[in-house]
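Here's the structure, in structure tokens; my notes come after.
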Amino acid sequence: MSSGAAELNDHLVSCVTAGKKAWGEPFLLEAGDGPGVTWRFPGDMFTQVTSGRWSVLSQFFTPEGRRQFL
């Protein structure tokens with residue numbers, strides 16, 4: 001693993017750790033090329049943290065279908 005990939009993985013792990021602290025255990029874990037973690041909240045709201053080749057992305061989904069990216 002290159003140093004850039006290792007740094008990106010460390011950032012994903014940090015985001016997941018913060019998410020677990022704030023929201024508890026995740027609803028869904030995804031492994032593979034684009035690993036991700038999803039938390040589900042009351043009212044059919046979701047928060048997802050995923051890792052791609054170049055970045056870590058946080059997405060928030062509302063019951064109305066609106067998506068917010070951070």
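Chain lettering (A, B, ...) mirrors the order of the structure tokens, residue numbering begins at 1 for each chain separately, and ligand numbering begins at 1 in order of display.
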
DSSP strand (DSSP E) residues within chain A, listed as a ChimeraX atom specification: /A:28-30,36-41,45-51,56-61,67-69

Neighbouring residues of Ser58 (chain A) were defined as those with any atom within 12 Å, considering only C-alpha atoms; residues of the same chain fewer than 6 positions away were excluded. Please report them as a list in words. His11, Leu12, Cys15, Val16, Gly19, Gly36, Val37, Thr38, Trp39, Phe46, Thr47, Gln48, Val49, Thr50, Ser51, Gly52, Arg67, Gln68, Phe69 and Leu70 of chain A

Neighbour list for Phe41 (chain A) as a ChimeraX atom specification, cut-off 12 Å, only C-alpha atoms, skip fewer than 3 positions in-chain: /A:22-27,38,44-48,60-63

Pick out each residue of chain A that DSSP on the backbone tags as helix (DSSP H, G or I); I need them as a list in words. Ser3, Gly4, Ala5, Ala6, Glu7, Leu8, Asn9, Asp10, His11, Leu12, Val13, Ser14, Cys15, Val16, Thr17, Ala18, Gly19, Lys20, Lys21, Ala22 and Trp23 of chain A

Closest of A:Ala18, A:Ala5, A:Val13, A:Leu28 to Arg53 (chain A) - atom-to-atom distances counting only C-alpha atoms: A:Ala5

Distance criterion (only C-alpha atoms): nearest to Leu57 (chain A) out of A:Ala6, A:Leu29, A:Lys20, A:Gly34: A:Gly34

CA of Ser14 (chain A) to CA of Gly43 (chain A), distance in Å rounded to a single decimal: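 For CA of Ser14 (chain A) relative to CA of Gly43 (chain A), the distance reads 26.6 Å.
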